[in-house]
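Listing of upload-v4.txt, compact mmCIF, N, CA and C atoms
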# COMPACT_ATOMS: atom_id res chain seq x y z
N MET A 1 203.84 199.41 -76.25
CA MET A 1 204.64 199.35 -75.04
C MET A 1 205.18 200.75 -74.75
N LYS A 2 205.16 201.12 -73.48
CA LYS A 2 205.65 202.43 -73.09
C LYS A 2 207.16 202.50 -73.26
N LYS A 3 207.62 203.68 -73.58
CA LYS A 3 209.05 203.90 -73.74
C LYS A 3 209.76 203.65 -72.40
N GLY A 4 210.87 202.94 -72.44
CA GLY A 4 211.65 202.67 -71.24
C GLY A 4 211.33 201.34 -70.58
N LEU A 5 210.22 200.72 -70.95
CA LEU A 5 209.89 199.40 -70.39
C LEU A 5 210.38 198.33 -71.33
N ARG A 6 210.97 197.30 -70.77
CA ARG A 6 211.48 196.20 -71.59
C ARG A 6 210.70 194.94 -71.29
N LYS A 7 210.50 194.18 -72.32
CA LYS A 7 209.85 192.90 -72.15
C LYS A 7 210.89 191.91 -71.63
N ALA A 8 210.51 191.12 -70.66
CA ALA A 8 211.45 190.13 -70.10
C ALA A 8 211.86 189.15 -71.19
N LYS A 9 213.13 188.84 -71.22
CA LYS A 9 213.66 187.90 -72.20
C LYS A 9 213.42 186.48 -71.72
N TRP A 10 212.99 185.63 -72.61
CA TRP A 10 212.76 184.23 -72.27
C TRP A 10 214.10 183.53 -72.15
N ARG A 11 214.24 182.70 -71.10
CA ARG A 11 215.46 181.93 -70.90
C ARG A 11 215.09 180.47 -70.71
N PRO A 12 215.91 179.56 -71.20
CA PRO A 12 215.62 178.13 -71.03
C PRO A 12 215.58 177.74 -69.55
N LEU A 13 214.85 176.67 -69.27
CA LEU A 13 214.71 176.19 -67.90
C LEU A 13 216.07 175.86 -67.29
N THR A 14 216.96 175.24 -68.06
CA THR A 14 218.28 174.90 -67.51
C THR A 14 219.04 176.15 -67.09
N ALA A 15 218.92 177.23 -67.84
CA ALA A 15 219.62 178.47 -67.49
C ALA A 15 219.04 179.05 -66.20
N ARG A 16 217.74 179.02 -66.05
CA ARG A 16 217.11 179.55 -64.84
C ARG A 16 217.45 178.69 -63.62
N LEU A 17 217.48 177.37 -63.81
CA LEU A 17 217.85 176.47 -62.71
C LEU A 17 219.32 176.64 -62.34
N TYR A 18 220.17 176.81 -63.35
CA TYR A 18 221.59 177.04 -63.09
C TYR A 18 221.77 178.29 -62.24
N ASP A 19 221.08 179.37 -62.59
CA ASP A 19 221.18 180.61 -61.84
C ASP A 19 220.76 180.41 -60.38
N LYS A 20 219.71 179.63 -60.18
CA LYS A 20 219.24 179.37 -58.81
C LYS A 20 220.28 178.54 -58.04
N ALA A 21 220.83 177.51 -58.70
CA ALA A 21 221.86 176.67 -58.07
C ALA A 21 223.09 177.51 -57.74
N TRP A 22 223.49 178.39 -58.66
CA TRP A 22 224.65 179.26 -58.41
C TRP A 22 224.39 180.17 -57.22
N ALA A 23 223.21 180.75 -57.14
CA ALA A 23 222.89 181.65 -56.03
C ALA A 23 222.94 180.91 -54.69
N LEU A 24 222.45 179.68 -54.67
CA LEU A 24 222.50 178.89 -53.44
C LEU A 24 223.93 178.53 -53.07
N MET A 25 224.71 178.11 -54.07
CA MET A 25 226.11 177.77 -53.80
C MET A 25 226.87 178.99 -53.31
N SER A 26 226.63 180.13 -53.94
CA SER A 26 227.28 181.36 -53.53
C SER A 26 226.95 181.69 -52.08
N GLU A 27 225.69 181.52 -51.71
CA GLU A 27 225.30 181.80 -50.32
C GLU A 27 226.01 180.86 -49.34
N ILE A 28 226.09 179.57 -49.70
CA ILE A 28 226.77 178.60 -48.84
C ILE A 28 228.24 178.99 -48.66
N VAL A 29 228.91 179.27 -49.78
CA VAL A 29 230.34 179.61 -49.74
C VAL A 29 230.56 180.85 -48.88
N ARG A 30 229.73 181.87 -49.06
CA ARG A 30 229.90 183.12 -48.32
C ARG A 30 229.57 182.94 -46.84
N ARG A 31 228.55 182.15 -46.53
CA ARG A 31 228.21 181.90 -45.12
C ARG A 31 229.31 181.12 -44.41
N VAL A 32 229.83 180.10 -45.09
CA VAL A 32 230.88 179.26 -44.49
C VAL A 32 232.15 180.08 -44.27
N SER A 33 232.40 181.07 -45.12
CA SER A 33 233.59 181.91 -44.95
C SER A 33 233.48 182.81 -43.72
N LYS A 34 232.27 182.96 -43.20
CA LYS A 34 232.02 183.77 -41.99
C LYS A 34 232.52 185.20 -42.13
N GLY A 35 232.47 185.72 -43.37
CA GLY A 35 232.85 187.11 -43.56
C GLY A 35 234.34 187.37 -43.61
N ILE A 36 235.14 186.33 -43.77
CA ILE A 36 236.60 186.50 -43.85
C ILE A 36 237.03 186.23 -45.30
N CYS A 37 237.68 187.22 -45.90
CA CYS A 37 238.14 187.09 -47.29
C CYS A 37 239.23 186.03 -47.38
N PHE A 38 239.10 185.12 -48.34
CA PHE A 38 240.05 184.03 -48.52
C PHE A 38 241.44 184.53 -48.88
N THR A 39 241.52 185.65 -49.61
CA THR A 39 242.81 186.09 -50.12
C THR A 39 243.49 187.17 -49.28
N CYS A 40 242.72 188.02 -48.59
CA CYS A 40 243.38 189.09 -47.83
C CYS A 40 243.00 189.10 -46.35
N ASP A 41 242.16 188.18 -45.94
CA ASP A 41 241.73 188.03 -44.54
C ASP A 41 240.96 189.23 -43.98
N THR A 42 240.47 190.10 -44.86
CA THR A 42 239.61 191.20 -44.41
C THR A 42 238.35 190.60 -43.81
N ARG A 43 237.86 191.24 -42.76
CA ARG A 43 236.65 190.74 -42.11
C ARG A 43 235.49 191.68 -42.40
N GLY A 44 234.30 191.06 -42.55
CA GLY A 44 233.09 191.82 -42.80
C GLY A 44 231.89 190.90 -42.63
N ARG A 45 230.74 191.35 -43.10
CA ARG A 45 229.54 190.52 -43.04
C ARG A 45 229.54 189.56 -44.22
N TRP A 46 229.08 188.33 -44.03
CA TRP A 46 229.07 187.38 -45.14
C TRP A 46 228.18 187.88 -46.27
N GLU A 47 227.14 188.64 -45.94
CA GLU A 47 226.22 189.16 -46.95
C GLU A 47 226.91 190.14 -47.90
N ASP A 48 228.00 190.76 -47.45
CA ASP A 48 228.71 191.74 -48.27
C ASP A 48 229.85 191.12 -49.07
N MET A 49 230.09 189.83 -48.88
CA MET A 49 231.19 189.16 -49.58
C MET A 49 230.73 188.70 -50.97
N ASP A 50 231.69 188.37 -51.81
CA ASP A 50 231.44 187.75 -53.11
C ASP A 50 231.82 186.28 -53.02
N CYS A 51 231.34 185.52 -53.96
CA CYS A 51 231.75 184.13 -54.09
C CYS A 51 232.87 184.10 -55.13
N GLY A 52 234.11 184.11 -54.66
CA GLY A 52 235.25 184.15 -55.56
C GLY A 52 235.53 182.79 -56.17
N HIS A 53 236.05 182.80 -57.40
CA HIS A 53 236.37 181.55 -58.07
C HIS A 53 237.74 181.64 -58.72
N PHE A 54 238.36 180.48 -58.85
CA PHE A 54 239.75 180.40 -59.30
C PHE A 54 239.86 180.40 -60.82
N VAL A 55 239.08 179.58 -61.49
CA VAL A 55 239.12 179.52 -62.95
C VAL A 55 237.92 180.28 -63.48
N HIS A 56 238.16 181.42 -64.10
CA HIS A 56 237.07 182.26 -64.58
C HIS A 56 236.46 181.66 -65.85
N GLY A 57 235.15 181.79 -65.95
CA GLY A 57 234.45 181.31 -67.14
C GLY A 57 233.98 179.88 -67.05
N ARG A 58 234.34 179.18 -66.00
CA ARG A 58 233.91 177.79 -65.86
C ARG A 58 232.57 177.76 -65.15
N LYS A 59 231.64 176.99 -65.67
CA LYS A 59 230.28 176.96 -65.12
C LYS A 59 230.03 175.70 -64.31
N ASP A 60 230.96 175.36 -63.44
CA ASP A 60 230.73 174.21 -62.58
C ASP A 60 230.07 174.67 -61.29
N LEU A 61 229.54 173.75 -60.55
CA LEU A 61 228.87 174.08 -59.29
C LEU A 61 229.51 173.31 -58.14
N ASP A 62 230.81 173.06 -58.26
CA ASP A 62 231.55 172.34 -57.23
C ASP A 62 232.11 173.36 -56.24
N LYS A 63 231.47 173.49 -55.09
CA LYS A 63 231.84 174.54 -54.14
C LYS A 63 233.24 174.39 -53.57
N LYS A 64 233.87 173.27 -53.85
CA LYS A 64 235.24 173.03 -53.38
C LYS A 64 236.20 174.13 -53.86
N TRP A 65 235.98 174.66 -55.05
CA TRP A 65 236.91 175.60 -55.66
C TRP A 65 236.52 177.06 -55.47
N TYR A 66 235.46 177.31 -54.75
CA TYR A 66 234.97 178.67 -54.54
C TYR A 66 235.18 179.08 -53.10
N ARG A 67 235.46 180.35 -52.88
CA ARG A 67 235.70 180.87 -51.54
C ARG A 67 235.10 182.26 -51.41
N GLY A 68 234.81 182.63 -50.17
CA GLY A 68 234.32 183.98 -49.91
C GLY A 68 235.45 184.98 -50.12
N GLN A 69 235.15 186.04 -50.85
CA GLN A 69 236.15 187.09 -51.08
C GLN A 69 235.50 188.45 -50.88
N CYS A 70 236.30 189.40 -50.42
CA CYS A 70 235.81 190.78 -50.30
C CYS A 70 235.67 191.36 -51.71
N LYS A 71 234.92 192.43 -51.82
CA LYS A 71 234.69 193.07 -53.13
C LYS A 71 236.02 193.55 -53.73
N ARG A 72 236.91 194.04 -52.89
CA ARG A 72 238.19 194.55 -53.39
C ARG A 72 238.98 193.45 -54.10
N CYS A 73 239.13 192.31 -53.44
CA CYS A 73 239.92 191.22 -54.05
C CYS A 73 239.21 190.64 -55.27
N ASN A 74 237.92 190.39 -55.15
CA ASN A 74 237.21 189.71 -56.24
C ASN A 74 236.99 190.61 -57.45
N ASN A 75 236.67 191.86 -57.23
CA ASN A 75 236.36 192.74 -58.36
C ASN A 75 237.54 193.59 -58.80
N TRP A 76 238.06 194.38 -57.88
CA TRP A 76 239.10 195.33 -58.25
C TRP A 76 240.44 194.67 -58.51
N LEU A 77 240.72 193.55 -57.84
CA LEU A 77 242.00 192.85 -58.05
C LEU A 77 241.83 191.62 -58.94
N GLY A 78 240.69 191.49 -59.59
CA GLY A 78 240.46 190.39 -60.54
C GLY A 78 240.52 189.01 -59.89
N GLY A 79 240.12 188.93 -58.66
CA GLY A 79 240.13 187.65 -57.96
C GLY A 79 241.38 187.43 -57.12
N ASN A 80 242.34 188.35 -57.24
CA ASN A 80 243.60 188.23 -56.49
C ASN A 80 244.16 186.80 -56.66
N LEU A 81 244.27 186.40 -57.92
CA LEU A 81 244.52 184.99 -58.27
C LEU A 81 245.86 184.44 -57.79
N GLY A 82 246.86 185.26 -57.65
CA GLY A 82 248.15 184.76 -57.16
C GLY A 82 248.02 184.19 -55.76
N ILE A 83 247.40 184.97 -54.88
CA ILE A 83 247.21 184.50 -53.50
C ILE A 83 246.17 183.38 -53.46
N TYR A 84 245.13 183.51 -54.29
CA TYR A 84 244.09 182.47 -54.34
C TYR A 84 244.72 181.13 -54.70
N ALA A 85 245.59 181.14 -55.73
CA ALA A 85 246.25 179.90 -56.17
C ALA A 85 247.14 179.33 -55.06
N THR A 86 247.91 180.19 -54.43
CA THR A 86 248.80 179.74 -53.36
C THR A 86 248.01 179.06 -52.24
N LYS A 87 246.91 179.67 -51.85
CA LYS A 87 246.11 179.10 -50.76
C LYS A 87 245.42 177.80 -51.19
N LEU A 88 244.97 177.73 -52.45
CA LEU A 88 244.37 176.47 -52.93
C LEU A 88 245.41 175.35 -52.94
N ILE A 89 246.64 175.67 -53.34
CA ILE A 89 247.71 174.66 -53.35
C ILE A 89 247.98 174.18 -51.93
N GLU A 90 247.94 175.09 -50.97
CA GLU A 90 248.11 174.69 -49.57
C GLU A 90 247.00 173.74 -49.13
N CYS A 91 245.77 173.98 -49.62
CA CYS A 91 244.62 173.16 -49.23
C CYS A 91 244.61 171.80 -49.93
N TYR A 92 244.87 171.79 -51.26
CA TYR A 92 244.64 170.59 -52.06
C TYR A 92 245.88 170.00 -52.71
N GLY A 93 246.97 170.71 -52.70
CA GLY A 93 248.18 170.23 -53.35
C GLY A 93 248.28 170.71 -54.78
N LEU A 94 249.51 170.80 -55.26
CA LEU A 94 249.79 171.35 -56.58
C LEU A 94 249.14 170.54 -57.70
N GLN A 95 249.22 169.21 -57.63
CA GLN A 95 248.69 168.37 -58.71
C GLN A 95 247.19 168.56 -58.90
N GLU A 96 246.45 168.60 -57.81
CA GLU A 96 245.00 168.74 -57.91
C GLU A 96 244.62 170.11 -58.47
N VAL A 97 245.34 171.15 -58.08
CA VAL A 97 245.06 172.48 -58.60
C VAL A 97 245.40 172.55 -60.09
N LYS A 98 246.52 171.95 -60.49
CA LYS A 98 246.88 171.92 -61.91
C LYS A 98 245.83 171.19 -62.73
N GLU A 99 245.34 170.09 -62.22
CA GLU A 99 244.30 169.31 -62.91
C GLU A 99 243.03 170.15 -63.09
N TYR A 100 242.68 170.89 -62.05
CA TYR A 100 241.48 171.73 -62.13
C TYR A 100 241.65 172.85 -63.15
N GLN A 101 242.87 173.35 -63.30
CA GLN A 101 243.13 174.45 -64.22
C GLN A 101 243.07 174.02 -65.69
N LYS A 102 243.24 172.75 -65.97
CA LYS A 102 243.21 172.28 -67.35
C LYS A 102 241.85 172.57 -67.98
N TYR A 103 241.86 172.68 -69.30
CA TYR A 103 240.60 172.93 -70.00
C TYR A 103 239.66 171.75 -69.84
N HIS A 104 238.44 172.06 -69.53
CA HIS A 104 237.38 171.06 -69.48
C HIS A 104 236.26 171.58 -70.36
N PRO A 105 235.69 170.75 -71.22
CA PRO A 105 234.60 171.24 -72.07
C PRO A 105 233.44 171.74 -71.22
N PRO A 106 232.67 172.69 -71.75
CA PRO A 106 231.54 173.23 -70.98
C PRO A 106 230.58 172.12 -70.56
N ILE A 107 230.02 172.28 -69.39
CA ILE A 107 229.09 171.29 -68.86
C ILE A 107 227.72 171.53 -69.45
N LYS A 108 227.12 170.50 -69.98
CA LYS A 108 225.74 170.57 -70.49
C LYS A 108 224.84 170.05 -69.38
N TRP A 109 224.31 170.96 -68.59
CA TRP A 109 223.50 170.57 -67.46
C TRP A 109 222.16 170.03 -67.90
N LYS A 110 221.69 169.02 -67.19
CA LYS A 110 220.36 168.47 -67.39
C LYS A 110 219.46 169.00 -66.28
N VAL A 111 218.17 169.12 -66.57
CA VAL A 111 217.22 169.66 -65.59
C VAL A 111 217.28 168.86 -64.29
N ALA A 112 217.28 167.53 -64.38
CA ALA A 112 217.27 166.68 -63.18
C ALA A 112 218.54 166.90 -62.35
N GLU A 113 219.68 167.06 -63.00
CA GLU A 113 220.94 167.30 -62.28
C GLU A 113 220.87 168.61 -61.49
N LEU A 114 220.40 169.65 -62.15
CA LEU A 114 220.31 170.95 -61.50
C LEU A 114 219.30 170.93 -60.35
N GLN A 115 218.19 170.25 -60.55
CA GLN A 115 217.19 170.14 -59.48
C GLN A 115 217.77 169.41 -58.28
N ALA A 116 218.56 168.37 -58.52
CA ALA A 116 219.19 167.63 -57.42
C ALA A 116 220.20 168.51 -56.67
N ILE A 117 220.97 169.29 -57.42
CA ILE A 117 221.95 170.20 -56.81
C ILE A 117 221.23 171.26 -55.97
N ILE A 118 220.15 171.80 -56.51
CA ILE A 118 219.37 172.81 -55.79
C ILE A 118 218.84 172.24 -54.49
N ALA A 119 218.27 171.04 -54.54
CA ALA A 119 217.73 170.40 -53.33
C ALA A 119 218.85 170.18 -52.30
N LYS A 120 220.00 169.71 -52.78
CA LYS A 120 221.15 169.45 -51.88
C LYS A 120 221.62 170.75 -51.23
N TYR A 121 221.74 171.82 -52.02
CA TYR A 121 222.22 173.09 -51.49
C TYR A 121 221.19 173.74 -50.56
N GLN A 122 219.91 173.59 -50.84
CA GLN A 122 218.88 174.12 -49.94
C GLN A 122 218.97 173.43 -48.58
N LYS A 123 219.22 172.13 -48.61
CA LYS A 123 219.35 171.37 -47.35
C LYS A 123 220.59 171.86 -46.60
N LEU A 124 221.70 172.05 -47.31
CA LEU A 124 222.94 172.53 -46.67
C LEU A 124 222.74 173.91 -46.02
N ILE A 125 222.04 174.80 -46.72
CA ILE A 125 221.81 176.14 -46.17
C ILE A 125 221.01 176.04 -44.88
N SER A 126 220.01 175.16 -44.86
CA SER A 126 219.18 175.04 -43.66
C SER A 126 219.99 174.49 -42.46
N GLU A 127 221.11 173.82 -42.73
CA GLU A 127 221.92 173.23 -41.67
C GLU A 127 223.03 174.15 -41.17
N ILE A 128 223.28 175.25 -41.91
CA ILE A 128 224.34 176.18 -41.49
C ILE A 128 223.82 177.01 -40.33
N PRO A 129 224.58 177.05 -39.22
CA PRO A 129 224.09 177.82 -38.04
C PRO A 129 224.06 179.31 -38.29
Show how you would write the structure in this file as structure tokens.
Amino acid sequence: MKKGLRKAKWRPLTARLYDKAWALMSEIVRRVSKGICFTCDTRGRWEDMDCGHFVHGRKDLDKKWYRGQCKRCNNWLGGNLGIYATKLIECYGLQEVKEYQKYHPPIKWKVAELQAIIAKYQKLISEIP
């Protein structure tokens, strides 16, 4: 093998499907935000936004808890979680946000579940104007 070239690392099917489902969900969240940051109301193109999330490290695919965020809020301000939390509480109420914040064991995704989510999200993307 030539120096500087790396062999692609093998990844399980569930990991590859999860990545595809995440990318689709991220696109939906960013398109629906219409380029407006959830935490600071900065306006831009949806393509330049991030898919911000409230609880870091959780591997769920429930778009309810994700919002479009500008790069500044999501990356440099660590998600701007104080404002993010306040706005989520306004949307869903304190009890629901507290419940979501509690520890939940990691989700063990099944191939069929991920395929169903991918199909659902592909359909949603095709319906977004």
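The coordinates place CA of Phe38 (chain A) at 24.6 Å from CA of Ile118 (chain A).
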Expected answer as a ChimeraX atom specification: strand (DSSP E or B) residues in region 28-113 of chain A: /A:36,43,50-53,66-69
One-decimal distance in Å that lies between CA of Glu47 (chain A) and CA of Ile83 (chain A): 22.5 Å
For Leu88 (chain A): contacts at 12 Å, only C-alpha atoms, fewer than 2 positions along chain excluded, given as a ChimeraX atom specification: /A:38-39,53-55,64-67,81-86,90-98,100-101
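Straight-line separation from CA of Arg72 (chain A) to CA of Cys40 (chain A): 9.4 Å.
The smallest atom-to-atom distance between Pro105 (chain A) and any of A:Lys87, A:Lys71, A:Lys59, A:Lys123, using all atoms listed in the file, is found for A:Lys59.
Taking only C-alpha atoms into account, the protein, DNA and RNA residues within 12 Å of (220.2, 169.2, -62.4) read Leu13, Thr14, Ala15, Arg16, Leu17, Tyr18, Asp19, Lys20, Ala21, Trp22, Asp60, Leu61, Ile107, Lys108, Trp109, Lys110, Val111, Ala112, Glu113, Leu114, Gln115, Ala116, Ile117, Ile118, Ala119, Lys120 and Tyr121 of chain A.
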Put those residues in a file: N, CA and C atoms, as a PDB file, in the coordinates of the input.
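The new file out_33.pdb reads:
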ATOM      1  N   LEU A  13     214.850 176.670 -69.270  1.00  0.00           N
ATOM      2  CA  LEU A  13     214.710 176.190 -67.900  1.00  0.00           C
ATOM      3  C   LEU A  13     216.070 175.860 -67.290  1.00  0.00           C
ATOM      4  N   THR A  14     216.960 175.240 -68.060  1.00  0.00           N
ATOM      5  CA  THR A  14     218.280 174.900 -67.510  1.00  0.00           C
ATOM      6  C   THR A  14     219.040 176.150 -67.090  1.00  0.00           C
ATOM      7  N   ALA A  15     218.920 177.230 -67.840  1.00  0.00           N
ATOM      8  CA  ALA A  15     219.620 178.470 -67.490  1.00  0.00           C
ATOM      9  C   ALA A  15     219.040 179.050 -66.200  1.00  0.00           C
ATOM     10  N   ARG A  16     217.740 179.020 -66.050  1.00  0.00           N
ATOM     11  CA  ARG A  16     217.110 179.550 -64.840  1.00  0.00           C
ATOM     12  C   ARG A  16     217.450 178.690 -63.620  1.00  0.00           C
ATOM     13  N   LEU A  17     217.480 177.370 -63.810  1.00  0.00           N
ATOM     14  CA  LEU A  17     217.850 176.470 -62.710  1.00  0.00           C
ATOM     15  C   LEU A  17     219.320 176.640 -62.340  1.00  0.00           C
ATOM     16  N   TYR A  18     220.170 176.810 -63.350  1.00  0.00           N
ATOM     17  CA  TYR A  18     221.590 177.040 -63.090  1.00  0.00           C
ATOM     18  C   TYR A  18     221.770 178.290 -62.240  1.00  0.00           C
ATOM     19  N   ASP A  19     221.080 179.370 -62.590  1.00  0.00           N
ATOM     20  CA  ASP A  19     221.180 180.610 -61.840  1.00  0.00           C
ATOM     21  C   ASP A  19     220.760 180.410 -60.380  1.00  0.00           C
ATOM     22  N   LYS A  20     219.710 179.630 -60.180  1.00  0.00           N
ATOM     23  CA  LYS A  20     219.240 179.370 -58.810  1.00  0.00           C
ATOM     24  C   LYS A  20     220.280 178.540 -58.040  1.00  0.00           C
ATOM     25  N   ALA A  21     220.830 177.510 -58.700  1.00  0.00           N
ATOM     26  CA  ALA A  21     221.860 176.670 -58.070  1.00  0.00           C
ATOM     27  C   ALA A  21     223.090 177.510 -57.740  1.00  0.00           C
ATOM     28  N   TRP A  22     223.490 178.390 -58.660  1.00  0.00           N
ATOM     29  CA  TRP A  22     224.650 179.260 -58.410  1.00  0.00           C
ATOM     30  C   TRP A  22     224.390 180.170 -57.220  1.00  0.00           C
ATOM     31  N   ASP A  60     230.960 175.360 -63.440  1.00  0.00           N
ATOM     32  CA  ASP A  60     230.730 174.210 -62.580  1.00  0.00           C
ATOM     33  C   ASP A  60     230.070 174.670 -61.290  1.00  0.00           C
ATOM     34  N   LEU A  61     229.540 173.750 -60.550  1.00  0.00           N
ATOM     35  CA  LEU A  61     228.870 174.080 -59.290  1.00  0.00           C
ATOM     36  C   LEU A  61     229.510 173.310 -58.140  1.00  0.00           C
ATOM     37  N   ILE A 107     230.020 172.280 -69.390  1.00  0.00           N
ATOM     38  CA  ILE A 107     229.090 171.290 -68.860  1.00  0.00           C
ATOM     39  C   ILE A 107     227.720 171.530 -69.450  1.00  0.00           C
ATOM     40  N   LYS A 108     227.120 170.500 -69.980  1.00  0.00           N
ATOM     41  CA  LYS A 108     225.740 170.570 -70.490  1.00  0.00           C
ATOM     42  C   LYS A 108     224.840 170.050 -69.380  1.00  0.00           C
ATOM     43  N   TRP A 109     224.310 170.960 -68.590  1.00  0.00           N
ATOM     44  CA  TRP A 109     223.500 170.570 -67.460  1.00  0.00           C
ATOM     45  C   TRP A 109     222.160 170.030 -67.900  1.00  0.00           C
ATOM     46  N   LYS A 110     221.690 169.020 -67.190  1.00  0.00           N
ATOM     47  CA  LYS A 110     220.360 168.470 -67.390  1.00  0.00           C
ATOM     48  C   LYS A 110     219.460 169.000 -66.280  1.00  0.00           C
ATOM     49  N   VAL A 111     218.170 169.120 -66.570  1.00  0.00           N
ATOM     50  CA  VAL A 111     217.220 169.660 -65.590  1.00  0.00           C
ATOM     51  C   VAL A 111     217.280 168.860 -64.290  1.00  0.00           C
ATOM     52  N   ALA A 112     217.280 167.530 -64.380  1.00  0.00           N
ATOM     53  CA  ALA A 112     217.270 166.680 -63.180  1.00  0.00           C
ATOM     54  C   ALA A 112     218.540 166.900 -62.350  1.00  0.00           C
ATOM     55  N   GLU A 113     219.680 167.060 -63.000  1.00  0.00           N
ATOM     56  CA  GLU A 113     220.940 167.300 -62.280  1.00  0.00           C
ATOM     57  C   GLU A 113     220.870 168.610 -61.490  1.00  0.00           C
ATOM     58  N   LEU A 114     220.400 169.650 -62.150  1.00  0.00           N
ATOM     59  CA  LEU A 114     220.310 170.950 -61.500  1.00  0.00           C
ATOM     60  C   LEU A 114     219.300 170.930 -60.350  1.00  0.00           C
ATOM     61  N   GLN A 115     218.190 170.250 -60.550  1.00  0.00           N
ATOM     62  CA  GLN A 115     217.190 170.140 -59.480  1.00  0.00           C
ATOM     63  C   GLN A 115     217.770 169.410 -58.280  1.00  0.00           C
ATOM     64  N   ALA A 116     218.560 168.370 -58.520  1.00  0.00           N
ATOM     65  CA  ALA A 116     219.190 167.630 -57.420  1.00  0.00           C
ATOM     66  C   ALA A 116     220.200 168.510 -56.670  1.00  0.00           C
ATOM     67  N   ILE A 117     220.970 169.290 -57.420  1.00  0.00           N
ATOM     68  CA  ILE A 117     221.950 170.200 -56.810  1.00  0.00           C
ATOM     69  C   ILE A 117     221.230 171.260 -55.970  1.00  0.00           C
ATOM     70  N   ILE A 118     220.150 171.800 -56.510  1.00  0.00           N
ATOM     71  CA  ILE A 118     219.370 172.810 -55.790  1.00  0.00           C
ATOM     72  C   ILE A 118     218.840 172.240 -54.490  1.00  0.00           C
ATOM     73  N   ALA A 119     218.270 171.040 -54.540  1.00  0.00           N
ATOM     74  CA  ALA A 119     217.730 170.400 -53.330  1.00  0.00           C
ATOM     75  C   ALA A 119     218.850 170.180 -52.300  1.00  0.00           C
ATOM     76  N   LYS A 120     220.000 169.710 -52.780  1.00  0.00           N
ATOM     77  CA  LYS A 120     221.150 169.450 -51.880  1.00  0.00           C
ATOM     78  C   LYS A 120     221.620 170.750 -51.230  1.00  0.00           C
ATOM     79  N   TYR A 121     221.740 171.820 -52.020  1.00  0.00           N
ATOM     80  CA  TYR A 121     222.220 173.090 -51.490  1.00  0.00           C
ATOM     81  C   TYR A 121     221.190 173.740 -50.560  1.00  0.00           C
TER      82      TYR A 121
END
Secondary structure check, alpha helix (DSSP H) residues of region 1-126 of chain A, as a PyMOL selection string: chain A and resi 13-33+71+81-92+94-101+111-126
8 Å contact set for Asp48 (chain A), all atoms listed in the file, chain neighbours under 2 positions out, as a list of chain:residue names: A:Arg30, A:Gly35, A:Gly44, A:Arg45, A:Trp46, A:Asp50, A:Cys51, A:Gln69, A:Cys70, A:Lys71
